[in-house]
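Quick notes on the structure that follows.
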Amino acid sequence: MSRYWPAIILALTIVCAHAAALVPPKRHAAAARLEGTLTLDGKLDDPAWQKAPEHTGFENPLGQANRAPIPDEVQTHFRVLYDDAHLYFGIRCNEPKMNELTLEAARRQHDAAMWSDDDVEIFLDPVGDRLEYYQFATNAEGTQADLYMIERGNTARANWSSEWRAEVFHATDYWSLEVAIPFAAFHMRPSTRWSDTWGFSISRTRTPDPRFYSQYSPAKGYHDVVNYGTLGPIEVDRARYTIAAGDPSFRLEAAQEGYRVFSSVPLENRGEAAFSGTVQMAVMAEGTAPVQTPVELAPKSSVRVELPAAALAGQGRHGVILRVTSGQGHTALVRRHDDWLDYRPLTIHLTSPNYRTSIYATQRVDTIRGRVVLGLPEEQVKGMTVRVSLSSPLCPPRSAEVAVEGTQVAFELPAGDLPQGEYVLRAELLRPADAGKLEPVEDEEVPFRVLAPAPAVEARVDDQGTLLINGSPVFIRGWYGSMAYCVSAASFPQAQLPHSTNFMMGSTEFEQMDLGLYTLNGITRFIDEAKAKLDAPIDAELKAKLREAIARTWHSRNVIGYYISDEPECRGLSPRFLKSLYEFMAVEDPYRFCMIVSRSPATYIDACDVMCPHPYLTPQQYEDGRREFGSDLRHIHNVISEAAGANDGSKAIWSMPQTFTYGGLHGVHPSFSESRWFTFTSIANGA
């Protein structure tokens, strides 16, 4: 079920005539400073709650065909408190049919797909400019999900999550919850830009018949941030929350009992004062104790912090809590990261050829070069030997042995006379044994191919991230979802290969042949999204569908690649599932690239050959007609930098910041200055 299911349901029920006639009220909710203490148990019986104003009167979203009032017996009431560290919500959901609540999400599984459950969703924009916001959702069983929404809610940043509390209580005719969100969770935009009055919405999904989607300050849907209400005053010391964090990285080493986890995280001090404190990393696995290290940050500075090793009993997907605490004991930042912590004793990385472990007919590769990365402690492997060999029935094996001096071992093998066919590239870690012999410790194998000429077209990526079509470099001028995004066919120039090209996903045969367009074969329609959300490889049913798609594509010279996923972060698709799909496609059709579009490129870059990390850009428009970019251009910088940092040289990163939200569909076009910014920002970020 999509994260946006409530919004999708609402969109289907909107009647444009009603929507145009209604003006969003943008209601204000008052927040009060906490006096006394709160015990978070969901019961709302602490005296402190009575000091906060009560708010109610939830309504159906604007634009629905039937906006009948929400009956009192299913109304929602809430109060808001805050102190120096947390924002608190006390919410009561009246419900005469408590035995009919929908609770399908796994209890307490963070970010479970609970969007079709009975739930409450809180939306907060601390800056108040209605460009980006945080979403905190809790179902009636206490399952939590959180997202950071960008581009006015067009998409989510899948790599943001945090630690916060939500406790639920069930009575006979209502359910209630208490929520505590730390101010340290709101680090995605500088605290210096926070307002005392936040953009705010609170929504409730009720599933017993009659189903209601209701909002305190009704807008045109749950994610209509432009028409959210407000919350305040929220008067906190913003200088406490100047620390921001990037995505942490993890490396596992084998230990006597289980593994050691080595982690690091990039930190930024956005404040005007120096910061002194500690960084703590806690893996949410039984038997794993938190580790921490001191940190010193000058004003307006960044650093990557290396943490001590933590003990871990077993591999798997784990939540990790990052906490930065000041020397005065204040929590300056808290975030959550859910990732697979895997141990790989040996990993083979090829640098020549660097693409799909294959030599193409249009390539000349005289020497296979690469490195073997060892996942064992350096002190344990020194004095050992790495043997790399290439074998096949087609020719005698060839190998090289290299003494180990560190955890990365470079190797070379001759390749100038290899015949076409299939090979096995094997790396072995060997240690000295009796009588001068070497005995194996660990090994790894990857397939290697010398390919015949392509039957129709060879479209691949070189080590500079350049698209080569039949061996010639091609400049990608742009790509489009369909001809509808173009003002007219005449405005879309022909491909003019081999120098430059446009391509369009899913273009018609006429558009390909008569207009000279090149296209991608979109395969997203084959994917069962329920399966794609599981961290499991693709199954036989999907493989059969993909083989049929490849068979239809095999002899087409106009299809230069496969579009395997569009914005997978929006729908929670598993990067492991997509990587399995990509690896299958690369074997079945080695002559065409696979592309993903994502604003979380580091998460999905291993599942494609071409990563397009561009946002859909729209400037903020003011009543006097001015148009101005806020964080959009910064966002281009962030996602391209993220993609470049995650790239091992075998992927293309194409920054083509499209203007879908301008475009022929909307009748609004970028000005010359705005178009120039798109181009300059892309070039500056290595497009």
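Residue names in the structure tokens use chain letters A, B, ... in the order shown, residue numbers from 1 in each chain, and ligand numbers from 1 in the order shown.
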With only C-alpha atoms as the counted atoms, please give the residues lying no more than 10 Å from Glu379 of chain A, apart from itself and same-chain residues fewer than 6 positions off, as a PDB file with all heavy atoms, in the first residue's frame.
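Contents of the output file selection_25.pdb:
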```pdb
ATOM      1  N   GLU A 405      48.913  -6.307   1.992  1.00  0.00           N
ATOM      2  CA  GLU A 405      49.512  -5.304   2.863  1.00  0.00           C
ATOM      3  C   GLU A 405      48.454  -4.446   3.555  1.00  0.00           C
ATOM      4  O   GLU A 405      48.765  -3.687   4.462  1.00  0.00           O
ATOM      5  CB  GLU A 405      50.473  -4.420   2.072  1.00  0.00           C
ATOM      6  CG  GLU A 405      51.654  -5.197   1.494  1.00  0.00           C
ATOM      7  CD  GLU A 405      52.601  -4.293   0.718  1.00  0.00           C
ATOM      8  OE1 GLU A 405      52.261  -3.096   0.566  1.00  0.00           O
ATOM      9  OE2 GLU A 405      53.660  -4.785   0.287  1.00  0.00           O
ATOM     10  N   GLY A 406      47.233  -4.539   3.076  1.00  0.00           N
ATOM     11  CA  GLY A 406      46.129  -3.781   3.672  1.00  0.00           C
ATOM     12  C   GLY A 406      44.821  -4.459   3.313  1.00  0.00           C
ATOM     13  O   GLY A 406      44.794  -5.590   2.810  1.00  0.00           O
ATOM     14  N   THR A 407      43.713  -3.762   3.538  1.00  0.00           N
ATOM     15  CA  THR A 407      42.408  -4.373   3.284  1.00  0.00           C
ATOM     16  C   THR A 407      41.933  -4.182   1.846  1.00  0.00           C
ATOM     17  O   THR A 407      40.856  -4.657   1.494  1.00  0.00           O
ATOM     18  CB  THR A 407      41.351  -3.791   4.238  1.00  0.00           C
ATOM     19  OG1 THR A 407      41.308  -2.371   4.095  1.00  0.00           O
ATOM     20  CG2 THR A 407      41.671  -4.163   5.684  1.00  0.00           C
TER      21      THR A 407
END
```
Please build the interface table for segment 532-562 of chain A against segment 569-582 of chain A with a cut-off of 12 Å, listing for each qualifying residue the nearest atom pair and the distance in Å to one decimal; count only C-alpha atoms, order rows by chain and increasing number, and write it as a Markdown table.
```
| residue | atom | partner | partner_atom | distance |
| --- | --- | --- | --- | --- |
| A:Ala532 | CA | A:Leu573 | CA | 5.3 |
| A:Lys533 | CA | A:Leu573 | CA | 4.5 |
| A:Leu534 | CA | A:Ser574 | CA | 5.9 |
| A:Asp535 | CA | A:Arg576 | CA | 5.5 |
| A:Ala536 | CA | A:Phe577 | CA | 5.5 |
| A:Pro537 | CA | A:Phe577 | CA | 5.0 |
| A:Ile538 | CA | A:Leu581 | CA | 6.0 |
| A:Asp539 | CA | A:Leu581 | CA | 9.3 |
| A:Ala540 | CA | A:Leu581 | CA | 11.2 |
| A:Leu542 | CA | A:Leu581 | CA | 8.8 |
| A:Lys543 | CA | A:Leu581 | CA | 8.3 |
| A:Ala544 | CA | A:Leu581 | CA | 11.9 |
| A:Lys545 | CA | A:Leu581 | CA | 11.6 |
| A:Leu546 | CA | A:Leu581 | CA | 9.1 |
| A:Arg547 | CA | A:Leu581 | CA | 11.6 |
| A:Gly561 | CA | A:Tyr582 | CA | 11.7 |
| A:Tyr562 | CA | A:Tyr582 | CA | 9.5 |
```
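Residues lying within 7 Å of Pro345 of chain A, counting only C-alpha atoms and ignoring same-chain neighbours fewer than 5 positions away, are Leu374, Gly375, Leu376 and Glu442 of chain A.
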Written file, previous selection with all heavy atoms, as a PDB file, in the first residue's frame:
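Below is the file again_10.pdb, written as the result:
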```pdb
ATOM      1  N   LEU A 374      38.891  -6.538   1.355  1.00  0.00           N
ATOM      2  CA  LEU A 374      38.815  -7.551   2.407  1.00  0.00           C
ATOM      3  C   LEU A 374      37.996  -7.028   3.575  1.00  0.00           C
ATOM      4  O   LEU A 374      38.232  -5.911   4.055  1.00  0.00           O
ATOM      5  CB  LEU A 374      40.221  -7.924   2.879  1.00  0.00           C
ATOM      6  CG  LEU A 374      41.199  -8.372   1.777  1.00  0.00           C
ATOM      7  CD1 LEU A 374      42.575  -8.633   2.372  1.00  0.00           C
ATOM      8  CD2 LEU A 374      40.672  -9.598   1.071  1.00  0.00           C
ATOM      9  N   GLY A 375      37.052  -7.811   4.038  1.00  0.00           N
ATOM     10  CA  GLY A 375      36.235  -7.440   5.176  1.00  0.00           C
ATOM     11  C   GLY A 375      36.770  -7.941   6.495  1.00  0.00           C
ATOM     12  O   GLY A 375      36.087  -7.858   7.512  1.00  0.00           O
ATOM     13  N   LEU A 376      37.984  -8.453   6.491  1.00  0.00           N
ATOM     14  CA  LEU A 376      38.621  -8.957   7.706  1.00  0.00           C
ATOM     15  C   LEU A 376      39.525  -7.878   8.297  1.00  0.00           C
ATOM     16  O   LEU A 376      39.986  -6.989   7.578  1.00  0.00           O
ATOM     17  CB  LEU A 376      39.442 -10.204   7.386  1.00  0.00           C
ATOM     18  CG  LEU A 376      38.645 -11.383   6.814  1.00  0.00           C
ATOM     19  CD1 LEU A 376      39.585 -12.412   6.216  1.00  0.00           C
ATOM     20  CD2 LEU A 376      37.801 -12.019   7.904  1.00  0.00           C
ATOM     21  N   GLU A 442      39.016 -17.453   2.511  1.00  0.00           N
ATOM     22  CA  GLU A 442      37.741 -16.969   1.972  1.00  0.00           C
ATOM     23  C   GLU A 442      37.870 -16.907   0.451  1.00  0.00           C
ATOM     24  O   GLU A 442      38.984 -16.859  -0.095  1.00  0.00           O
ATOM     25  CB  GLU A 442      37.391 -15.565   2.495  1.00  0.00           C
ATOM     26  CG  GLU A 442      37.300 -15.432   4.007  1.00  0.00           C
ATOM     27  CD  GLU A 442      36.014 -16.007   4.577  1.00  0.00           C
ATOM     28  OE1 GLU A 442      35.156 -16.454   3.780  1.00  0.00           O
ATOM     29  OE2 GLU A 442      35.870 -16.012   5.819  1.00  0.00           O
TER      30      GLU A 442
END
```
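Remark: for Ala145 of chain A, the closest of the candidate residues A:Trp164, A:Tyr82, A:Tyr518, A:Tyr133 is A:Trp164 (distances computed over only C-alpha atoms).
One finds atom CA of Gly142 of chain A at 20.3 Å from atom CA of Arg211 of chain A.
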Counting only C-alpha atoms, closest pick from A:Arg335, A:Arg92, A:Lys220, A:His187 relative to Asp119 of chain A is A:Arg92
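For Lys300 of chain A, the list of residues within 7 Å, based on only C-alpha atoms and with local chain neighbours fewer than 3 positions off taken out, reads Asn269, Arg270, Gly271 and Glu272 of chain A.
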I'd like the neighbourhood of His55 of chain A as a compact mmCIF listing (two decimals) with all heavy atoms, in the first residue's frame, where a residue qualifies if any of its atoms comes within 9 Å (using only C-alpha atoms), though same-chain residues fewer than 2 positions away should be ignored.
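Result file follows (out02.txt):
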```txt
# COMPACT_ATOMS: atom_id res chain seq x y z
N ALA A 29 -3.81 26.52 15.51
CA ALA A 29 -3.88 25.75 16.75
C ALA A 29 -2.88 26.34 17.73
O ALA A 29 -1.71 26.56 17.39
CB ALA A 29 -3.56 24.28 16.48
N ALA A 30 -3.33 26.60 18.94
CA ALA A 30 -2.47 27.19 19.96
C ALA A 30 -1.70 26.11 20.71
O ALA A 30 -2.24 25.06 21.06
CB ALA A 30 -3.31 28.01 20.94
N PRO A 53 -5.01 24.64 25.34
CA PRO A 53 -6.33 24.76 24.72
C PRO A 53 -6.68 23.49 23.94
O PRO A 53 -5.82 22.86 23.33
CB PRO A 53 -6.16 25.95 23.76
CG PRO A 53 -4.96 26.69 24.24
CD PRO A 53 -4.07 25.67 24.87
N GLY A 57 -13.36 20.00 15.81
CA GLY A 57 -14.03 20.48 14.61
C GLY A 57 -13.35 20.02 13.34
O GLY A 57 -13.27 20.77 12.35
N PHE A 58 -12.86 18.76 13.31
CA PHE A 58 -12.25 18.21 12.10
C PHE A 58 -13.30 18.16 10.98
O PHE A 58 -14.48 17.91 11.23
CB PHE A 58 -11.70 16.81 12.37
CG PHE A 58 -10.36 16.80 13.04
CD1 PHE A 58 -10.14 17.47 14.24
CD2 PHE A 58 -9.30 16.11 12.48
CE1 PHE A 58 -8.91 17.46 14.86
CE2 PHE A 58 -8.05 16.08 13.09
CZ PHE A 58 -7.86 16.76 14.28
N THR A 76 -12.60 14.28 16.41
CA THR A 76 -11.24 14.18 16.93
C THR A 76 -10.92 15.45 17.71
O THR A 76 -11.29 16.56 17.28
CB THR A 76 -10.23 14.00 15.79
OG1 THR A 76 -10.66 12.91 14.96
CG2 THR A 76 -8.84 13.71 16.32
N HIS A 77 -10.24 15.32 18.84
CA HIS A 77 -9.87 16.44 19.70
C HIS A 77 -8.36 16.34 19.97
O HIS A 77 -7.82 15.24 20.10
CB HIS A 77 -10.62 16.38 21.03
CG HIS A 77 -12.11 16.32 20.89
ND1 HIS A 77 -12.94 17.38 21.17
CD2 HIS A 77 -12.93 15.30 20.50
CE1 HIS A 77 -14.20 17.03 20.97
NE2 HIS A 77 -14.23 15.76 20.56
N PHE A 78 -7.69 17.48 20.09
CA PHE A 78 -6.26 17.43 20.40
C PHE A 78 -5.83 18.67 21.17
O PHE A 78 -6.46 19.73 21.12
CB PHE A 78 -5.42 17.26 19.13
CG PHE A 78 -5.37 18.47 18.23
CD1 PHE A 78 -4.33 19.39 18.33
CD2 PHE A 78 -6.36 18.69 17.28
CE1 PHE A 78 -4.28 20.50 17.49
CE2 PHE A 78 -6.32 19.79 16.44
CZ PHE A 78 -5.28 20.71 16.55
N ARG A 79 -4.73 18.52 21.88
CA ARG A 79 -4.05 19.61 22.58
C ARG A 79 -2.56 19.52 22.27
O ARG A 79 -2.05 18.43 21.96
CB ARG A 79 -4.27 19.52 24.10
CG ARG A 79 -5.73 19.52 24.54
CD ARG A 79 -5.84 19.26 26.04
NE ARG A 79 -7.19 19.00 26.47
CZ ARG A 79 -8.01 19.92 27.01
NH1 ARG A 79 -7.57 21.16 27.18
NH2 ARG A 79 -9.23 19.58 27.39
N TYR A 216 -8.11 18.91 10.75
CA TYR A 216 -8.45 20.02 11.63
C TYR A 216 -8.57 21.31 10.83
O TYR A 216 -9.51 22.07 10.99
CB TYR A 216 -7.41 20.16 12.74
CG TYR A 216 -7.55 21.45 13.51
CD1 TYR A 216 -8.66 21.69 14.31
CD2 TYR A 216 -6.56 22.44 13.44
CE1 TYR A 216 -8.79 22.87 15.01
CE2 TYR A 216 -6.69 23.62 14.14
CZ TYR A 216 -7.81 23.84 14.91
OH TYR A 216 -7.94 25.02 15.61
```
Test item: residues at most 8 Å from segment 122-126 of chain A, only C-alpha atoms, excluding those fewer than 6 positions along its chain, as JSON, numbers by chain | {"A": [132, 133, 134, 135, 136, 137, 186, 194, 195, 197, 198, 199, 200, 201, 202, 203]}
What would the file look like if the residues just selected were written as an mmCIF file, in the first residue's frame with N, CA, C and O atoms?
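Contents of out-v4.cif, freshly written:
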```cif
data_model
loop_
_atom_site.group_PDB
_atom_site.id
_atom_site.type_symbol
_atom_site.label_atom_id
_atom_site.label_comp_id
_atom_site.auth_asym_id
_atom_site.auth_seq_id
_atom_site.Cartn_x
_atom_site.Cartn_y
_atom_site.Cartn_z
ATOM 1 N N GLU A 132 8.780 22.455 2.488
ATOM 2 C CA GLU A 132 9.188 21.138 2.975
ATOM 3 C C GLU A 132 8.572 20.923 4.357
ATOM 4 O O GLU A 132 8.342 21.892 5.092
ATOM 5 N N TYR A 133 8.317 19.659 4.698
ATOM 6 C CA TYR A 133 7.672 19.416 5.983
ATOM 7 C C TYR A 133 7.914 17.986 6.436
ATOM 8 O O TYR A 133 8.305 17.123 5.667
ATOM 9 N N TYR A 134 7.679 17.765 7.721
ATOM 10 C CA TYR A 134 7.830 16.462 8.350
ATOM 11 C C TYR A 134 6.444 15.856 8.552
ATOM 12 O O TYR A 134 5.482 16.560 8.864
ATOM 13 N N GLN A 135 6.369 14.530 8.415
ATOM 14 C CA GLN A 135 5.119 13.813 8.632
ATOM 15 C C GLN A 135 5.355 12.728 9.679
ATOM 16 O O GLN A 135 6.274 11.915 9.548
ATOM 17 N N PHE A 136 4.517 12.715 10.726
ATOM 18 C CA PHE A 136 4.586 11.715 11.778
ATOM 19 C C PHE A 136 3.226 11.037 11.851
ATOM 20 O O PHE A 136 2.217 11.697 12.117
ATOM 21 N N ALA A 137 3.180 9.740 11.610
ATOM 22 C CA ALA A 137 1.914 9.005 11.584
ATOM 23 C C ALA A 137 1.950 7.885 12.617
ATOM 24 O O ALA A 137 2.973 7.220 12.800
ATOM 25 N N PHE A 186 14.197 17.818 14.041
ATOM 26 C CA PHE A 186 13.879 18.717 12.933
ATOM 27 C C PHE A 186 15.150 19.364 12.371
ATOM 28 O O PHE A 186 15.291 20.588 12.361
ATOM 29 N N TRP A 194 13.791 28.597 11.642
ATOM 30 C CA TRP A 194 12.520 28.238 12.255
ATOM 31 C C TRP A 194 11.735 29.493 12.614
ATOM 32 O O TRP A 194 12.299 30.524 13.002
ATOM 33 N N SER A 195 10.439 29.377 12.535
ATOM 34 C CA SER A 195 9.535 30.445 12.935
ATOM 35 C C SER A 195 8.919 30.111 14.285
ATOM 36 O O SER A 195 8.936 28.954 14.727
ATOM 37 N N THR A 197 5.801 30.451 14.575
ATOM 38 C CA THR A 197 4.533 29.906 14.100
ATOM 39 C C THR A 197 4.826 28.922 12.984
ATOM 40 O O THR A 197 5.315 29.314 11.922
ATOM 41 N N TRP A 198 4.563 27.650 13.223
ATOM 42 C CA TRP A 198 4.905 26.594 12.277
ATOM 43 C C TRP A 198 3.725 26.312 11.355
ATOM 44 O O TRP A 198 2.552 26.431 11.739
ATOM 45 N N GLY A 199 4.037 25.900 10.118
ATOM 46 C CA GLY A 199 3.011 25.316 9.279
ATOM 47 C C GLY A 199 2.566 23.996 9.892
ATOM 48 O O GLY A 199 3.401 23.219 10.382
ATOM 49 N N PHE A 200 1.240 23.732 9.871
ATOM 50 C CA PHE A 200 0.748 22.605 10.668
ATOM 51 C C PHE A 200 -0.538 22.041 10.088
ATOM 52 O O PHE A 200 -1.426 22.775 9.635
ATOM 53 N N SER A 201 -0.606 20.716 10.094
ATOM 54 C CA SER A 201 -1.851 20.031 9.774
ATOM 55 C C SER A 201 -1.911 18.758 10.608
ATOM 56 O O SER A 201 -0.878 18.150 10.902
ATOM 57 N N ILE A 202 -3.107 18.377 10.975
ATOM 58 C CA ILE A 202 -3.306 17.096 11.639
ATOM 59 C C ILE A 202 -4.525 16.439 11.010
ATOM 60 O O ILE A 202 -5.563 17.080 10.814
ATOM 61 N N SER A 203 -4.366 15.172 10.639
ATOM 62 C CA SER A 203 -5.402 14.463 9.897
ATOM 63 C C SER A 203 -5.688 13.132 10.575
ATOM 64 O O SER A 203 -4.836 12.564 11.262
#
```
Considering only C-alpha atoms, return as a list in words whatever protein or nucleic-acid residues lie within 10 Å of Gly314 of chain A, sequence-local ones (same chain, fewer than 3 positions apart) excluded.
-> Glu257, Gly258, Tyr259, Arg260, Ala285, Glu286, Ala311, Arg317, Leu341, Asp342 and Tyr343 of chain A
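Interatomic distance, atom CA of Glu59 of chain A against atom CA of Asp45 of chain A: 26.0 Å.
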Please indicate the distance in Å from atom CA of Ala361 of chain A to atom CA of Ala415 of chain A, rounded to one decimal place.
-> 13.4 Å
Name the closest residue to Arg67 of chain A among the candidates A:Thr288, A:Asn354, A:Ser301, A:Ser214; distances are taken between atoms, counting only C-alpha atoms.
-> A:Ser214
Taking the backbone alone, and naming residues the way the document does, which bits of segment 274-320 of chain A are strand (DSSP E or B) by DSSP, as an MDAnalysis selection string?
-> chainID A and resid 275:283 291:297 301:306 310:312 316:320
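Minimum distance to Val381 of chain A across A:Leu418, A:Ile596, A:Val404, A:Val127 (counting only C-alpha atoms) occurs at A:Val404.
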